[in-house]
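K.L.:
Below is the structure I would like to discuss, written out as structure tokens.
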Amino acid sequence: MNILMVLTSHDKLGDTGKKTGFWLEEFAAPYYAFLDAGVNVTLASPAGGQPPLDPSSDTEDTQTKDTTRFKDDKDAQEHLATTKKLADMKAEDFDSVFYPGGHGPLWDLAVDENSINLIETFVKQDKPVAFVCHSPAALKNVKIDGEYLVKGKTVTGFTNSEEDAVGLTDVVPFLVEDALIANGGNYEKAADWESFVVEDGLLITGQNPASSEEAATRLIAKLKG
């Protein structure tokens, strides 16, 4: 089984002068869920190479068993430092794709033509696609036969109230919850910061960092059918 994980290459948090990127837990938890299930994982990003880590996801209070495991795992660190270029990835080479979040995807993956085309191709090939937290932003411009992929589908993603809680409502280019609703998604959510994952056809979405591992295990279960 082969899964592609797509990470952001964007590192600027709007006009704040602060850094952003991918969220460590949202990479580490799915990465190890896949590896431990015997899945072959390929990592890619728009720019290739080392994707930027959101420093907010690498503080003491954000560490988990999986982030700790990653910090002790030289092979995983090398794997992450050498992501392939997204433009070189082909859906036919993989069984599925998983997008970790972090605020970065709001700026690059939401409008990246390679990402948009890749997601559309996975769906057309009847392969599941999975997203967590801010990475449903990558669905913003994805269409199938002229209609938004999320239209009429049950979806979730980082909530407006969670964005408000981290103080970035006025910094981000758009809100994930609003974008999913605007595109016709049937948006659902649990309480802030609780694990919550929904599955609708080929589409799997998780609400927040706590949902990362569950989103990955749901994807594995779907692939094993």
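If you're wondering about the labels, chains in the structure tokens are A, B, ... by order shown, residues count from 1 in each chain, ligands from 1 in order shown.
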So that I can see what lies close to segment 98-104 of chain A, please list as a ChimeraX atom specification the residues with an atom at most 9 Å from it, counting only C-alpha atoms and leaving out residues fewer than 6 positions away in the same chain.
P.N.:
/A:3-13,20-27,30,52-54,57,128-138,172,208-209,212,216,219
K.L.:
Name the residues of segment 8-196 of chain A that fall into strand (DSSP E) according to DSSP on the backbone, using the chain letters and numbers of this document, as a count of residues only.
P.N.:
24
K.L.:
Atom CA of Asp88 of chain A to atom CA of Gly48 of chain A: how many Å, to one decimal?
P.N.:
9.7 Å
K.L.:
Would you mind writing down, as a compact mmCIF listing (two decimals) with N, CA and C atoms, in the first residue's frame, each residue of segment 36-170 of chain A that DSSP on the backbone assigns to alpha helix (DSSP H)?
P.N.:
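That gives us out-v2.txt:
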# COMPACT_ATOMS: atom_id res chain seq x y z
N ASP A 36 3.42 2.09 10.91
CA ASP A 36 3.13 0.95 11.79
C ASP A 36 2.13 -0.03 11.16
N LYS A 65 3.21 11.58 22.01
CA LYS A 65 4.06 10.40 21.86
C LYS A 65 4.66 10.33 20.46
N ASP A 66 3.91 10.81 19.47
CA ASP A 66 4.39 10.73 18.08
C ASP A 66 5.42 11.81 17.77
N THR A 67 5.25 13.02 18.31
CA THR A 67 6.26 14.05 18.06
C THR A 67 7.55 13.69 18.78
N THR A 68 7.44 13.10 19.95
CA THR A 68 8.62 12.64 20.69
C THR A 68 9.34 11.55 19.91
N ARG A 69 8.56 10.63 19.35
CA ARG A 69 9.14 9.55 18.55
C ARG A 69 9.87 10.13 17.33
N PHE A 70 9.28 11.15 16.71
CA PHE A 70 9.88 11.78 15.54
C PHE A 70 11.23 12.41 15.89
N LYS A 71 11.29 13.05 17.04
CA LYS A 71 12.53 13.73 17.44
C LYS A 71 13.68 12.74 17.69
N LYS A 74 15.98 9.52 13.37
CA LYS A 74 16.81 10.17 12.36
C LYS A 74 16.34 9.86 10.93
N ASP A 75 15.84 8.63 10.72
CA ASP A 75 15.36 8.26 9.38
C ASP A 75 14.16 9.12 8.99
N ALA A 76 13.24 9.33 9.92
CA ALA A 76 12.06 10.14 9.64
C ALA A 76 12.45 11.59 9.38
N GLN A 77 13.40 12.09 10.15
CA GLN A 77 13.85 13.47 9.96
C GLN A 77 14.48 13.66 8.58
N GLU A 78 15.26 12.66 8.15
CA GLU A 78 15.88 12.72 6.83
C GLU A 78 14.81 12.63 5.73
N HIS A 79 13.82 11.77 5.97
CA HIS A 79 12.71 11.62 5.02
C HIS A 79 11.99 12.95 4.84
N LEU A 80 11.72 13.62 5.95
CA LEU A 80 11.01 14.90 5.92
C LEU A 80 11.86 15.99 5.25
N ALA A 81 13.16 15.94 5.46
CA ALA A 81 14.05 16.97 4.92
C ALA A 81 14.21 16.88 3.40
N GLY A 104 0.09 26.93 7.04
CA GLY A 104 0.70 27.09 5.72
C GLY A 104 -0.21 26.78 4.54
N PRO A 105 -0.96 25.66 4.57
CA PRO A 105 -1.79 25.29 3.42
C PRO A 105 -2.82 26.36 3.01
N LEU A 106 -3.20 27.23 3.94
CA LEU A 106 -4.16 28.29 3.61
C LEU A 106 -3.62 29.19 2.52
N TRP A 107 -2.29 29.35 2.51
CA TRP A 107 -1.67 30.24 1.53
C TRP A 107 -1.22 29.51 0.26
N GLU A 113 -1.94 24.68 -8.25
CA GLU A 113 -2.59 23.93 -9.34
C GLU A 113 -2.21 22.45 -9.34
N ASN A 114 -0.95 22.16 -8.98
CA ASN A 114 -0.53 20.75 -8.93
C ASN A 114 -1.32 19.99 -7.87
N SER A 115 -1.52 20.63 -6.73
CA SER A 115 -2.29 20.00 -5.65
C SER A 115 -3.74 19.80 -6.05
N ILE A 116 -4.32 20.85 -6.62
CA ILE A 116 -5.73 20.79 -7.04
C ILE A 116 -5.93 19.65 -8.05
N ASN A 117 -5.06 19.62 -9.06
CA ASN A 117 -5.17 18.57 -10.09
C ASN A 117 -4.96 17.18 -9.51
N LEU A 118 -4.03 17.08 -8.57
CA LEU A 118 -3.73 15.79 -7.96
C LEU A 118 -4.95 15.25 -7.20
N ILE A 119 -5.57 16.10 -6.38
CA ILE A 119 -6.75 15.67 -5.61
C ILE A 119 -7.87 15.26 -6.56
N GLU A 120 -8.08 16.07 -7.59
CA GLU A 120 -9.14 15.75 -8.56
C GLU A 120 -8.87 14.40 -9.22
N THR A 121 -7.60 14.13 -9.54
CA THR A 121 -7.25 12.87 -10.19
C THR A 121 -7.44 11.68 -9.26
N PHE A 122 -7.03 11.82 -8.00
CA PHE A 122 -7.26 10.74 -7.03
C PHE A 122 -8.74 10.38 -6.98
N VAL A 123 -9.59 11.39 -6.89
CA VAL A 123 -11.03 11.14 -6.79
C VAL A 123 -11.56 10.49 -8.06
N LYS A 124 -11.11 10.96 -9.20
CA LYS A 124 -11.55 10.38 -10.47
C LYS A 124 -11.09 8.93 -10.61
N ASN A 160 -14.11 27.91 13.22
CA ASN A 160 -13.95 29.35 13.41
C ASN A 160 -13.62 29.68 14.86
N SER A 161 -14.23 28.94 15.79
CA SER A 161 -13.98 29.22 17.21
C SER A 161 -12.57 28.81 17.63
N GLU A 162 -12.05 27.74 17.01
CA GLU A 162 -10.66 27.35 17.29
C GLU A 162 -9.68 28.39 16.73
N GLU A 163 -9.99 28.89 15.53
CA GLU A 163 -9.14 29.93 14.93
C GLU A 163 -9.16 31.19 15.81
N ASP A 164 -10.33 31.51 16.33
CA ASP A 164 -10.47 32.66 17.21
C ASP A 164 -9.65 32.45 18.49
N ALA A 165 -9.67 31.21 18.99
CA ALA A 165 -8.96 30.89 20.23
C ALA A 165 -7.45 31.06 20.08
K.L.:
Return the single residue from A:Val198, A:Asp58, A:Asn2, A:Leu223 that is closest to Asn40 of chain A, with distances computed using only C-alpha atoms.
P.N.:
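Using only C-alpha atoms, the shortest distance to Asn40 of chain A belongs to A:Asn2.
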K.L.:
Quick one, how far is atom CA of Lys85 of chain A from atom CA of Leu202 of chain A?
P.N.:
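These two atoms are separated by 24.5 Å.
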K.L.:
When you draw a straight line from atom CA of Leu180 of chain A to atom CA of Gln207 of chain A, how long is it in Å?
P.N.:
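These two atoms are separated by 12.0 Å.
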K.L.:
With distances taken over only C-alpha atoms, which residue among A:Ser45, A:Gln125, A:Thr156, A:Ser56 lies nearest Thr205 of chain A?
P.N.:
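Between A:Ser45, A:Gln125, A:Thr156, A:Ser56, the residue approaching Thr205 of chain A most closely is A:Thr156.
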